[in-house]
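Containing compact mmCIF, C-alpha atoms: query.txt.
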```txt
# COMPACT_ATOMS: atom_id res chain seq x y z
CA MET A 1497 122.32 49.61 168.87
CA SER A 1498 124.32 52.75 168.28
CA MET A 1499 127.03 53.39 170.85
CA THR A 1500 129.39 56.20 171.60
CA SER A 1501 131.67 57.08 174.45
CA GLU A 1502 130.95 60.76 174.25
CA GLY A 1503 130.19 61.25 177.89
CA GLY A 1504 132.79 61.11 180.56
CA HIS A 1505 132.16 57.71 182.07
CA GLY A 1506 132.01 55.70 178.96
CA ALA A 1507 129.98 54.14 176.29
CA VAL A 1508 126.22 54.02 176.30
CA PRO A 1509 123.64 54.23 173.52
CA THR A 1510 123.22 57.81 172.46
CA GLY A 1511 121.47 57.27 169.15
CA PRO A 1512 118.05 58.52 168.14
CA GLY A 1513 116.39 55.77 170.19
CA VAL A 1514 117.31 57.55 173.41
CA PRO A 1515 114.65 60.14 174.26
CA VAL A 1516 115.77 63.66 175.09
CA GLU A 1517 112.70 65.82 174.65
CA PRO A 1518 111.85 67.40 177.97
CA GLN A 1519 108.56 66.33 179.44
CA PRO A 1520 108.36 68.12 182.77
CA SER A 1521 106.94 65.81 185.36
CA VAL A 1522 103.34 66.65 186.16
CA SER A 1523 103.17 64.76 189.42
CA ARG A 1524 106.33 66.17 190.98
CA ARG A 1525 107.59 69.65 190.47
CA ASP A 1526 111.30 70.23 190.93
CA TRP A 1527 112.49 73.07 193.11
CA PRO A 1528 113.18 76.36 191.35
CA LEU A 1529 116.50 76.96 189.65
CA TYR A 1530 119.08 79.25 191.25
CA GLU A 1531 122.26 80.70 189.77
CA VAL A 1532 125.28 80.57 192.05
CA PHE A 1533 128.06 83.16 192.30
CA VAL A 1534 131.18 82.59 194.39
CA ARG A 1535 133.82 85.04 195.59
CA GLY A 1536 137.01 83.02 195.36
CA LYS A 1537 138.88 85.10 197.89
CA ARG A 1538 138.84 88.59 199.35
CA GLY A 1539 139.54 91.18 196.71
CA LEU A 1540 137.90 89.27 193.87
CA ASN A 1541 134.45 89.65 192.34
CA HIS A 1542 131.76 87.05 192.77
CA VAL A 1543 131.83 84.88 189.65
CA HIS A 1544 129.06 82.73 188.23
CA VAL A 1545 129.93 79.07 188.84
CA GLY A 1546 126.76 77.21 187.90
CA SER A 1547 123.24 76.55 189.03
CA LEU A 1548 121.23 74.32 191.32
CA HIS A 1549 117.70 73.58 192.46
CA ALA A 1550 116.59 74.55 195.95
CA PRO A 1551 113.26 75.12 197.71
CA ASP A 1552 114.13 78.60 198.99
CA ASP A 1553 116.90 81.18 199.18
CA GLU A 1554 118.40 79.95 202.41
CA MET A 1555 118.53 76.33 201.30
CA ALA A 1556 120.03 77.48 198.03
CA VAL A 1557 122.97 79.01 199.91
CA HIS A 1558 123.50 75.79 201.87
CA ALA A 1559 123.27 73.66 198.75
CA ALA A 1560 125.66 76.00 196.94
CA ARG A 1561 128.19 75.58 199.73
CA ASP A 1562 127.99 71.79 199.45
CA LEU A 1563 128.00 71.75 195.68
CA TYR A 1564 130.45 74.47 194.70
CA THR A 1565 132.80 75.02 197.65
CA ARG A 1566 133.89 71.57 198.82
CA ARG A 1567 137.57 72.54 198.50
CA ASN A 1568 137.89 76.11 199.73
CA GLU A 1569 136.80 77.53 196.40
CA GLY A 1570 135.15 80.52 198.02
CA VAL A 1571 134.70 82.90 200.93
CA SER A 1572 131.27 84.21 199.97
CA ILE A 1573 128.28 82.95 198.00
CA TRP A 1574 125.46 84.75 196.23
CA VAL A 1575 122.42 82.93 194.93
CA VAL A 1576 119.64 84.35 192.82
CA ARG A 1577 116.59 82.78 191.27
CA SER A 1578 117.36 82.18 187.59
CA ALA A 1579 113.95 83.56 186.69
CA ASP A 1580 114.90 86.88 188.31
CA ILE A 1581 117.86 87.51 186.02
CA THR A 1582 117.37 89.90 183.18
CA ALA A 1583 119.76 89.27 180.30
CA SER A 1584 120.78 91.63 177.54
CA SER A 1585 119.11 89.63 174.81
CA PRO A 1586 118.46 86.08 173.63
CA ASP A 1587 121.74 86.00 171.72
CA GLU A 1588 125.19 86.22 173.18
CA LYS A 1589 126.37 87.84 169.95
CA ASP A 1590 124.28 90.88 169.84
CA PRO A 1591 123.91 94.16 167.99
CA MET A 1592 123.73 95.78 171.42
CA PHE A 1593 127.49 95.43 171.63
CA ALA A 1594 128.26 96.28 168.04
CA PRO A 1595 128.54 100.08 168.56
CA SER A 1596 131.58 99.65 170.79
CA GLY A 1597 133.36 97.62 168.14
CA ASP A 1598 134.25 100.55 165.87
CA LYS A 1599 135.32 102.97 168.62
CA VAL A 1600 138.96 102.02 168.60
CA TYR A 1601 139.86 105.47 169.90
CA ARG A 1602 138.58 104.36 173.28
CA HIS A 1603 141.63 102.15 173.66
CA PRO A 1604 145.08 103.43 174.67
CA THR A 1605 146.73 101.52 171.82
CA PHE A 1606 144.94 103.78 169.32
CA TYR A 1607 147.38 106.59 170.08
CA GLU A 1608 150.89 106.79 168.63
CA ILE A 1609 153.31 108.11 171.22
CA PRO A 1610 157.03 108.51 170.40
CA ASP A 1611 159.27 105.95 172.08
CA ASN A 1612 161.26 108.65 173.88
CA VAL A 1613 158.27 109.77 175.95
CA PRO A 1614 158.78 108.20 179.41
CA HIS A 1615 156.17 106.78 181.79
CA MET A 1616 153.29 106.57 179.31
CA MET B 500 123.14 81.45 182.25
CA SER B 501 120.72 78.65 182.57
CA ALA B 502 117.46 79.98 181.20
CA PRO B 503 116.23 77.33 178.78
CA PRO B 504 116.03 78.68 175.26
CA LEU B 505 112.76 76.89 174.56
CA ASP B 506 110.77 80.01 173.87
CA ARG B 507 113.29 81.42 171.45
CA PRO B 508 111.47 82.90 168.47
CA THR B 509 111.91 81.03 165.21
CA ALA B 510 114.51 82.82 163.20
CA PRO B 511 113.64 84.10 159.75
CA ASP B 512 116.96 83.15 158.29
CA GLU B 513 118.05 79.77 159.53
CA GLN B 514 120.84 79.60 156.99
CA ALA B 515 122.50 82.69 158.40
CA LEU B 516 122.20 81.29 161.90
CA GLN B 517 123.66 77.97 160.78
CA ALA B 518 126.55 79.85 159.17
CA LEU B 519 127.18 81.77 162.39
CA PHE B 520 127.06 78.52 164.38
CA ASP B 521 129.47 76.81 161.97
CA ALA B 522 131.85 79.77 162.12
CA THR B 523 131.78 79.72 165.92
CA ILE B 524 132.62 76.00 165.95
CA ALA B 525 135.33 76.42 163.30
CA ALA B 526 136.96 79.23 165.28
CA GLU B 527 137.01 76.97 168.39
CA HIS B 528 134.80 79.46 170.18
CA ARG B 529 132.17 78.18 172.58
CA ILE B 530 128.48 77.81 171.94
CA GLU B 531 126.47 79.30 174.80
CA PRO B 532 122.93 78.44 175.92
CA ARG B 533 121.18 81.35 174.24
CA ASP B 534 122.89 80.86 170.89
CA TRP B 535 121.05 79.33 168.01
CA MET B 536 122.13 75.74 167.50
CA PRO B 537 121.03 72.91 165.20
CA GLU B 538 118.46 70.59 166.77
CA GLY B 539 120.78 67.62 166.27
CA TYR B 540 123.50 69.38 168.24
CA ARG B 541 121.13 70.22 171.07
CA LYS B 542 119.63 66.74 171.25
CA GLY B 543 123.01 65.05 170.95
CA LEU B 544 124.34 67.13 173.81
CA ILE B 545 121.36 66.41 176.04
CA ARG B 546 121.86 62.67 175.46
CA GLN B 547 125.57 62.95 176.10
CA ILE B 548 125.35 65.12 179.20
CA ALA B 549 122.37 63.23 180.64
CA GLN B 550 124.07 59.84 180.33
CA HIS B 551 127.18 61.34 181.89
CA ALA B 552 125.16 62.78 184.77
CA HIS B 553 123.35 59.45 185.26
CA SER B 554 126.73 57.68 185.35
CA GLU B 555 127.96 59.96 188.11
CA ILE B 556 124.82 59.42 190.18
CA ILE B 557 124.66 55.65 189.70
CA GLY B 558 128.44 55.59 190.17
CA MET B 559 127.91 56.52 193.82
CA GLN B 560 126.47 53.08 194.51
CA PRO B 561 129.31 50.59 193.93
CA GLU B 562 131.64 52.51 196.22
CA GLY B 563 128.92 53.70 198.55
CA ASP B 564 128.39 50.04 199.40
CA TRP B 565 131.72 50.16 201.27
CA LEU B 566 131.14 53.33 203.30
CA LEU B 567 130.06 51.42 206.39
CA ALA B 568 132.80 48.82 205.98
CA ALA B 569 135.79 51.07 205.36
CA PRO B 570 138.82 49.66 207.19
CA SER B 571 139.74 52.88 208.99
CA LEU B 572 138.38 56.31 209.76
CA ARG B 573 140.89 57.76 207.31
CA ARG B 574 139.66 55.54 204.49
CA LYS B 575 136.05 56.24 205.40
CA ALA B 576 136.57 60.01 205.30
CA ILE B 577 138.28 59.70 201.90
CA LEU B 578 135.56 57.48 200.51
CA LEU B 579 132.81 59.76 201.80
CA ALA B 580 134.47 62.73 200.13
CA LYS B 581 134.76 60.80 196.90
CA VAL B 582 131.15 59.63 196.84
CA GLN B 583 130.04 63.17 197.66
CA ASP B 584 132.09 64.39 194.70
CA GLU B 585 130.25 61.96 192.41
CA ALA B 586 126.96 63.46 193.56
CA GLY B 587 128.38 66.91 192.89
CA HIS B 588 129.53 65.90 189.41
CA GLY B 589 126.05 64.62 188.66
CA MET B 590 124.57 67.93 189.79
CA TYR B 591 126.97 70.02 187.67
CA LEU B 592 126.05 67.91 184.67
CA TYR B 593 122.29 67.97 185.17
CA ALA B 594 122.60 71.75 185.46
CA ALA B 595 124.49 71.84 182.16
CA ALA B 596 121.78 69.71 180.52
CA GLU B 597 119.14 72.09 181.82
CA THR B 598 120.75 74.98 179.94
CA LEU B 599 119.70 73.06 176.81
CA GLY B 600 116.07 72.90 177.86
CA ALA B 601 116.15 69.55 179.65
CA ASP B 602 114.39 69.09 182.97
CA ARG B 603 116.28 67.43 185.81
CA ALA B 604 113.34 65.57 187.32
CA ASP B 605 112.40 64.35 183.87
CA LEU B 606 115.93 63.11 183.19
CA THR B 607 115.87 61.21 186.48
CA ASP B 608 112.55 59.65 185.50
CA LYS B 609 114.02 58.58 182.16
CA LEU B 610 116.95 56.96 183.96
CA ILE B 611 114.67 55.07 186.32
CA GLU B 612 112.44 53.98 183.46
CA ARG B 613 115.61 52.75 181.70
CA ARG B 614 114.94 54.95 178.70
CA GLN B 615 118.29 56.66 179.14
CA LYS B 616 121.43 54.74 180.05
CA TYR B 617 124.48 55.12 182.25
CA SER B 618 127.93 53.68 181.88
CA SER B 619 128.16 49.89 181.79
CA ILE B 620 130.99 49.94 184.32
CA PHE B 621 128.71 50.64 187.26
CA ASN B 622 126.78 47.42 186.74
CA TYR B 623 129.63 45.37 188.19
CA PRO B 624 129.73 44.57 191.91
CA THR B 625 132.38 45.74 194.39
CA LEU B 626 133.30 42.48 196.12
CA THR B 627 136.20 43.60 198.34
CA TYR B 628 137.74 46.83 199.55
CA ALA B 629 140.42 46.44 196.90
CA ASP B 630 137.66 47.18 194.39
CA VAL B 631 137.43 50.69 195.83
CA GLY B 632 141.10 51.19 195.02
CA VAL B 633 140.85 49.66 191.56
CA ILE B 634 137.82 51.77 190.71
CA GLY B 635 139.81 54.86 191.64
CA TRP B 636 142.84 53.77 189.66
CA LEU B 637 141.30 52.20 186.54
CA VAL B 638 137.69 53.36 186.29
CA ASP B 639 138.42 56.94 187.28
CA GLY B 640 141.61 56.78 185.23
CA ALA B 641 139.57 55.81 182.18
CA ALA B 642 137.06 58.52 183.01
CA ILE B 643 139.87 61.08 183.14
CA CYS B 644 141.02 59.99 179.66
CA ASN B 645 137.48 60.59 178.44
CA GLN B 646 136.88 63.77 180.37
CA VAL B 647 140.03 65.82 179.91
CA PRO B 648 139.32 66.35 176.18
CA LEU B 649 135.73 67.26 177.06
CA CYS B 650 137.04 70.33 178.88
CA ARG B 651 137.36 71.64 175.32
CA SER B 652 133.79 70.71 174.36
CA SER B 653 132.29 73.27 172.02
CA TYR B 654 129.35 73.70 174.40
CA GLY B 655 130.36 76.21 177.08
CA PRO B 656 128.35 74.97 180.10
CA TYR B 657 129.48 71.37 179.52
CA ALA B 658 133.12 72.36 179.10
CA ARG B 659 133.00 74.44 182.29
CA ALA B 660 131.41 71.58 184.22
CA MET B 661 134.08 69.22 182.92
CA ILE B 662 136.90 71.49 184.08
CA ARG B 663 135.46 71.39 187.57
CA VAL B 664 134.96 67.61 187.37
CA CYS B 665 138.48 66.95 186.10
CA LYS B 666 140.08 68.87 188.96
CA GLU B 667 138.27 66.58 191.38
CA GLU B 668 138.82 63.32 189.48
CA SER B 669 142.54 63.63 190.02
CA PHE B 670 141.97 63.15 193.75
CA HIS B 671 139.81 60.13 192.95
CA GLN B 672 142.47 58.41 190.94
CA ARG B 673 145.30 59.17 193.32
CA GLN B 674 143.43 58.00 196.42
CA GLY B 675 142.70 54.73 194.61
CA PHE B 676 146.27 54.18 193.60
CA GLU B 677 147.53 55.00 197.07
CA LEU B 678 145.03 52.58 198.58
CA LEU B 679 146.32 49.84 196.28
CA LEU B 680 149.96 50.66 197.03
CA THR B 681 149.15 50.31 200.72
CA MET B 682 147.48 46.94 200.20
CA MET B 683 150.32 45.71 197.99
CA ALA B 684 152.72 46.50 200.86
CA GLY B 685 150.55 44.39 203.18
CA THR B 686 149.96 40.66 203.45
CA ASP B 687 149.85 38.03 200.72
CA GLU B 688 146.11 37.92 201.19
CA GLN B 689 145.83 41.67 200.60
CA ARG B 690 148.00 41.43 197.48
CA ALA B 691 145.78 38.63 196.20
CA MET B 692 142.72 40.81 196.78
CA VAL B 693 144.24 43.58 194.69
CA GLN B 694 145.15 41.20 191.87
CA ASP B 695 141.67 39.70 191.94
CA ALA B 696 140.10 43.15 191.71
CA VAL B 697 142.39 44.10 188.81
CA ASP B 698 141.44 40.87 187.03
CA ARG B 699 137.76 41.71 187.32
CA TRP B 700 137.90 45.43 186.45
CA TRP B 701 140.51 45.62 183.68
CA TRP B 702 138.36 44.51 180.76
CA PRO B 703 135.23 46.39 181.78
CA SER B 704 137.44 49.49 182.08
CA LEU B 705 138.58 49.07 178.47
CA MET B 706 134.93 48.75 177.43
CA MET B 707 134.22 52.18 178.91
CA PHE B 708 135.66 53.77 175.78
CA GLY B 709 132.96 52.28 173.61
CA PRO B 710 132.97 50.15 170.48
CA PRO B 711 135.83 50.18 167.98
CA ASP B 712 135.93 53.18 165.68
CA ASP B 713 134.60 51.22 162.70
CA ASP B 714 131.47 50.46 164.76
CA SER B 715 130.90 53.95 166.16
CA PRO B 716 128.58 55.69 163.71
CA ASN B 717 128.07 58.92 165.68
CA THR B 718 131.73 59.73 166.12
CA ALA B 719 132.25 61.69 162.90
CA GLN B 720 129.35 64.08 163.50
CA SER B 721 130.22 64.49 167.17
CA MET B 722 133.81 65.34 166.30
CA ALA B 723 132.71 67.82 163.63
CA TRP B 724 130.57 69.52 166.26
CA GLY B 725 133.38 69.60 168.78
CA ILE B 726 131.44 67.63 171.38
CA LYS B 727 133.83 64.72 171.03
CA ARG B 728 137.55 65.30 170.57
CA HIS B 729 139.14 61.86 170.07
CA THR B 730 137.86 58.54 168.78
CA ASN B 731 137.06 55.64 171.09
CA ASP B 732 140.14 53.68 169.99
CA GLU B 733 142.46 56.66 170.43
CA LEU B 734 141.31 57.16 174.00
CA ARG B 735 141.44 53.43 174.77
CA GLN B 736 145.01 53.22 173.49
CA ARG B 737 145.99 56.23 175.57
CA PHE B 738 144.50 54.57 178.64
CA VAL B 739 146.33 51.28 178.04
CA ASP B 740 149.63 53.08 177.48
CA MET B 741 149.16 54.99 180.74
CA SER B 742 148.07 51.98 182.78
CA VAL B 743 150.77 49.44 181.93
CA PRO B 744 153.65 51.27 183.64
CA GLN B 745 151.37 52.07 186.58
CA ALA B 746 150.58 48.36 186.96
CA GLU B 747 154.30 47.65 187.00
CA VAL B 748 154.87 50.10 189.84
CA LEU B 749 151.99 48.52 191.70
CA GLY B 750 153.25 45.01 191.09
CA VAL B 751 150.06 43.61 189.61
CA THR B 752 149.54 41.70 186.37
CA LEU B 753 147.01 43.02 183.89
CA PRO B 754 144.88 40.04 182.81
CA ASP B 755 145.79 40.07 179.13
CA PRO B 756 148.43 37.63 177.79
CA GLU B 757 148.54 39.55 174.52
CA LEU B 758 149.60 42.80 176.17
CA SER B 759 152.98 43.79 174.71
CA LEU B 760 154.86 46.88 173.69
CA ASP B 761 155.01 47.44 169.96
CA PRO B 762 158.52 48.81 169.48
CA GLU B 763 157.62 50.43 166.18
CA THR B 764 154.68 52.49 167.37
CA GLY B 765 155.65 52.82 171.02
CA HIS B 766 152.12 51.75 171.95
CA TYR B 767 150.97 48.64 173.80
CA ARG B 768 149.09 46.04 171.83
CA PHE B 769 146.27 44.36 173.70
CA GLY B 770 143.88 41.45 173.24
CA SER B 771 140.37 41.62 171.85
CA ILE B 772 137.51 42.91 173.96
CA ASP B 773 134.38 40.85 174.59
CA TRP B 774 131.84 43.16 172.99
CA ASP B 775 129.06 40.66 173.57
CA GLU B 776 129.54 41.12 177.29
CA PHE B 777 129.53 44.89 176.84
CA LYS B 778 126.24 44.79 174.93
CA ARG B 779 124.68 42.46 177.48
CA VAL B 780 125.60 44.76 180.35
CA ILE B 781 124.45 47.90 178.56
CA GLY B 782 121.28 46.09 177.53
CA GLY B 783 120.35 45.48 181.17
CA GLN B 784 121.78 42.00 181.73
CA GLY B 785 124.82 42.95 183.80
CA PRO B 786 125.34 41.63 187.33
CA CYS B 787 123.90 44.69 189.10
CA ASN B 788 121.65 46.57 186.63
CA ASP B 789 118.41 45.81 188.46
CA GLU B 790 119.88 46.60 191.86
CA ARG B 791 121.27 49.97 190.70
CA ILE B 792 118.00 51.14 189.20
CA ALA B 793 115.93 49.85 192.11
CA ARG B 794 118.09 51.83 194.51
CA ARG B 795 117.83 55.00 192.46
CA ARG B 796 114.07 54.57 192.27
CA ALA B 797 113.86 54.08 196.04
CA ALA B 798 115.97 57.21 196.59
CA ARG B 799 113.55 59.21 194.46
CA ASP B 800 110.34 57.79 195.87
CA ASP B 801 111.27 57.31 199.52
CA ASN B 802 112.67 60.82 199.78
CA ALA B 803 109.87 62.54 197.90
CA TRP B 804 108.31 63.65 201.18
CA VAL B 805 111.46 65.64 201.99
CA THR B 806 111.23 67.47 198.70
CA GLU B 807 107.56 68.15 199.25
CA ALA B 808 108.02 69.25 202.86
CA ALA B 809 110.78 71.69 201.93
CA THR B 810 108.64 73.08 199.15
CA ALA B 811 105.69 73.51 201.50
CA TYR B 812 107.90 75.16 204.12
CA ALA B 813 109.29 77.59 201.56
CA ALA B 814 105.81 78.45 200.35
CA LYS B 815 104.58 79.06 203.88
CA HIS B 816 107.49 81.23 205.02
CA SER B 817 108.41 83.28 202.00
CA GLY B 818 105.79 82.81 199.38
CA VAL B 819 108.55 81.55 197.11
CA ALA B 820 108.43 78.30 195.19
CA ALA B 821 104.75 77.74 195.88
```

Final structure tokens representation of the file:
Amino acid sequence: MSMTSEGGHGAVPTGPGVPVEPQPSVSRRDWPLYEVFVRGKRGLNHVHVGSLHAPDDEMAVHAARDLYTRRNEGVSIWVVRSADITASSPDEKDPMFAPSGDKVYRHPTFYEIPDNVPHM
Amino acid sequence: MSAPPLDRPTAPDEQALQALFDATIAAEHRIEPRDWMPEGYRKGLIRQIAQHAHSEIIGMQPEGDWLLAAPSLRRKAILLAKVQDEAGHGMYLYAAAETLGADRADLTDKLIERRQKYSSIFNYPTLTYADVGVIGWLVDGAAICNQVPLCRSSYGPYARAMIRVCKEESFHQRQGFELLLTMMAGTDEQRAMVQDAVDRWWWPSLMMFGPPDDDSPNTAQSMAWGIKRHTNDELRQRFVDMSVPQAEVLGVTLPDPELSLDPETGHYRFGSIDWDEFKRVIGGQGPCNDERIARRRAARDDNAWVTEAATAYAAKHSGVAA
């Protein structure tokens, strides 16, 4: 029996004998997946904090409060069905962002300004 | 993002993708759900995260048993908050596993069918309220040793979940230690309860770190992939070194006559662990394995009508989730 302690609460078998291939349950369907965004405090953007399953939008907000704001982590919550998010592409590293890589002149550090120029 | 990458088109040049993956790992950057990753990495992570999530969920039971018998309203409120945190940790982790294409309901089924495991530690009973304190101090202390390095896991969603978990575990450990300090300042009977709980939980806590390094075949690959950061023995030693001075402050004796400071290394030497017991408990023969699984099964099956009713309500009122 192959053992590791990779996970946080200690050692269990994690070798090839432990099945991992997803086989979505046919008898019971889980609630849809929502992505959760929390505004930490006034003046900050909502930030993605994780996801959860909920039967509808309203329950998703309640579940998000219980799951992601048990210790005053936020003042506002957004939830959105994961299926409704459109992402830039399948890859995080993407040619879509490559064109901005060689436009160094868009950054202030590209420009040489003499040291004796104040307030710049 | 949590969209499962199952329908990702097969790449024409797997070698180039592997090279990009390797470079990302080597640079200590994070792998994100939509990145290409080797199948072994994905499967290994699902196993790791699923067993961790299962441990959090099953871990609600030993302490949950004391919710109705907490000695004061203060202790009850603390314990409720802690057990609720464990549920939350399980949810964060199932969500992280789902970014790899796993299905939460399916993972729960695999737990209940005993095809996936949870930590051996939760198969021991909580006999007195001192056990609640010792679980916080030792079991959560050991979990923190395991979990803090996982905040640097190479897999982004897991690392982010672990950061959130670790912030909350600190409360768990401190409430446990404070509970024990309070009992140690009480009566002789209370002190004896604490010592008895320490005697029962110390060795199982050491087992939480897994078999010795020379009997841990997956460690090398997991460390190369950045989904494990220290070996089992390294983490166990760290835990022992942390716990001995804490036990002294508490005034309890750790049940190991061989425990002694090695002046050369600065580390504590400790006796040998009963790995036969560990394998028995993991294999299903621990004191509470059947009870834990039966309760999880009942929670799934007895509450299924709630899930179904909420789904039906949502379908009726919004047309969503039908």

query = Interatomic distance between CA of Ala1556 (chain A) and CA of Glu667 (chain B)?
reply =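 These two atoms are separated by 22.3 Å.
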
ask   = In Å, with one decimal, what is the gap from CA of Gly725 (chain B) to CA of Ser653 (chain B)?
value =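 Those two atoms sit 5.0 Å apart.
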
Nearest candidate to chain A (options B:Pro716, B:Gly783, B:Pro756, B:Pro703; using only C-alpha atoms) = B:Pro716

query = Quick one: of B:Trp774, B:Phe676, B:Tyr628, B:Tyr591, who's nearest to Ala691 (chain B), counting all atoms listed in the file?
reply =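 Closest to Ala691 (chain B), using all atoms listed in the file: B:Tyr628.
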
Could you list, as a CSV table (one decimal) with C-alpha atoms, in the frame of the given file, every residue within 12 Å of region 784-786 of chain B, counting only C-alpha atoms and ignoring same-chain residues fewer than 4 positions away?
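As a result, part_31.csv now contains:
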```
chain,number,residue,atom,x,y,z
B,561,PRO,CA,129.3,50.6,193.9
B,618,SER,CA,127.9,53.7,181.9
B,619,SER,CA,128.2,49.9,181.8
B,620,ILE,CA,131.0,49.9,184.3
B,621,PHE,CA,128.7,50.6,187.3
B,622,ASN,CA,126.8,47.4,186.7
B,623,TYR,CA,129.6,45.4,188.2
B,624,PRO,CA,129.7,44.6,191.9
B,625,THR,CA,132.4,45.7,194.4
B,626,LEU,CA,133.3,42.5,196.1
B,703,PRO,CA,135.2,46.4,181.8
B,775,ASP,CA,129.1,40.7,173.6
B,776,GLU,CA,129.5,41.1,177.3
B,777,PHE,CA,129.5,44.9,176.8
B,778,LYS,CA,126.2,44.8,174.9
B,779,ARG,CA,124.7,42.5,177.5
B,780,VAL,CA,125.6,44.8,180.4
B,790,GLU,CA,119.9,46.6,191.9
B,791,ARG,CA,121.3,50.0,190.7
B,792,ILE,CA,118.0,51.1,189.2
```

Atoms are missing here; could region 691-696 of chain B be completed with all heavy atoms and written as a PDB file, in the frame of the given file?
```
ATOM      1  N   ALA B 691     146.665  39.465 197.031  1.00  0.00           N
ATOM      2  CA  ALA B 691     145.780  38.630 196.200  1.00  0.00           C
ATOM      3  C   ALA B 691     144.438  39.328 195.958  1.00  0.00           C
ATOM      4  O   ALA B 691     143.859  39.223 194.869  1.00  0.00           O
ATOM      5  CB  ALA B 691     145.556  37.276 196.886  1.00  0.00           C
ATOM      6  N   MET B 692     143.972  40.061 196.961  1.00  0.00           N
ATOM      7  CA  MET B 692     142.720  40.810 196.780  1.00  0.00           C
ATOM      8  C   MET B 692     142.873  41.869 195.684  1.00  0.00           C
ATOM      9  O   MET B 692     141.981  42.071 194.854  1.00  0.00           O
ATOM     10  CB  MET B 692     142.326  41.512 198.096  1.00  0.00           C
ATOM     11  CG  MET B 692     141.608  40.619 199.098  1.00  0.00           C
ATOM     12  SD  MET B 692     141.487  41.427 200.727  1.00  0.00           S
ATOM     13  CE  MET B 692     140.317  42.726 200.387  1.00  0.00           C
ATOM     14  N   VAL B 693     144.014  42.545 195.693  1.00  0.00           N
ATOM     15  CA  VAL B 693     144.240  43.580 194.690  1.00  0.00           C
ATOM     16  C   VAL B 693     144.292  42.948 193.297  1.00  0.00           C
ATOM     17  O   VAL B 693     143.651  43.427 192.347  1.00  0.00           O
ATOM     18  CB  VAL B 693     145.540  44.366 194.976  1.00  0.00           C
ATOM     19  CG1 VAL B 693     145.854  45.325 193.831  1.00  0.00           C
ATOM     20  CG2 VAL B 693     145.416  45.140 196.291  1.00  0.00           C
ATOM     21  N   GLN B 694     145.045  41.844 193.178  1.00  0.00           N
ATOM     22  CA  GLN B 694     145.150  41.200 191.870  1.00  0.00           C
ATOM     23  C   GLN B 694     143.789  40.724 191.384  1.00  0.00           C
ATOM     24  O   GLN B 694     143.440  40.879 190.208  1.00  0.00           O
ATOM     25  CB  GLN B 694     146.136  40.022 191.938  1.00  0.00           C
ATOM     26  CG  GLN B 694     146.368  39.341 190.587  1.00  0.00           C
ATOM     27  CD  GLN B 694     146.977  40.294 189.556  1.00  0.00           C
ATOM     28  OE1 GLN B 694     148.023  40.891 189.778  1.00  0.00           O
ATOM     29  NE2 GLN B 694     146.295  40.464 188.422  1.00  0.00           N
ATOM     30  N   ASP B 695     143.014  40.172 192.294  1.00  0.00           N
ATOM     31  CA  ASP B 695     141.670  39.700 191.940  1.00  0.00           C
ATOM     32  C   ASP B 695     140.799  40.860 191.442  1.00  0.00           C
ATOM     33  O   ASP B 695     140.064  40.734 190.466  1.00  0.00           O
ATOM     34  CB  ASP B 695     141.024  39.031 193.166  1.00  0.00           C
ATOM     35  CG  ASP B 695     139.548  38.745 192.934  1.00  0.00           C
ATOM     36  OD1 ASP B 695     139.248  37.935 192.037  1.00  0.00           O
ATOM     37  OD2 ASP B 695     138.706  39.346 193.632  1.00  0.00           O
ATOM     38  N   ALA B 696     140.900  41.995 192.120  1.00  0.00           N
ATOM     39  CA  ALA B 696     140.100  43.150 191.710  1.00  0.00           C
ATOM     40  C   ALA B 696     140.549  43.662 190.344  1.00  0.00           C
ATOM     41  O   ALA B 696     139.727  44.003 189.488  1.00  0.00           O
ATOM     42  CB  ALA B 696     140.205  44.260 192.762  1.00  0.00           C
TER      43      ALA B 696
END
```
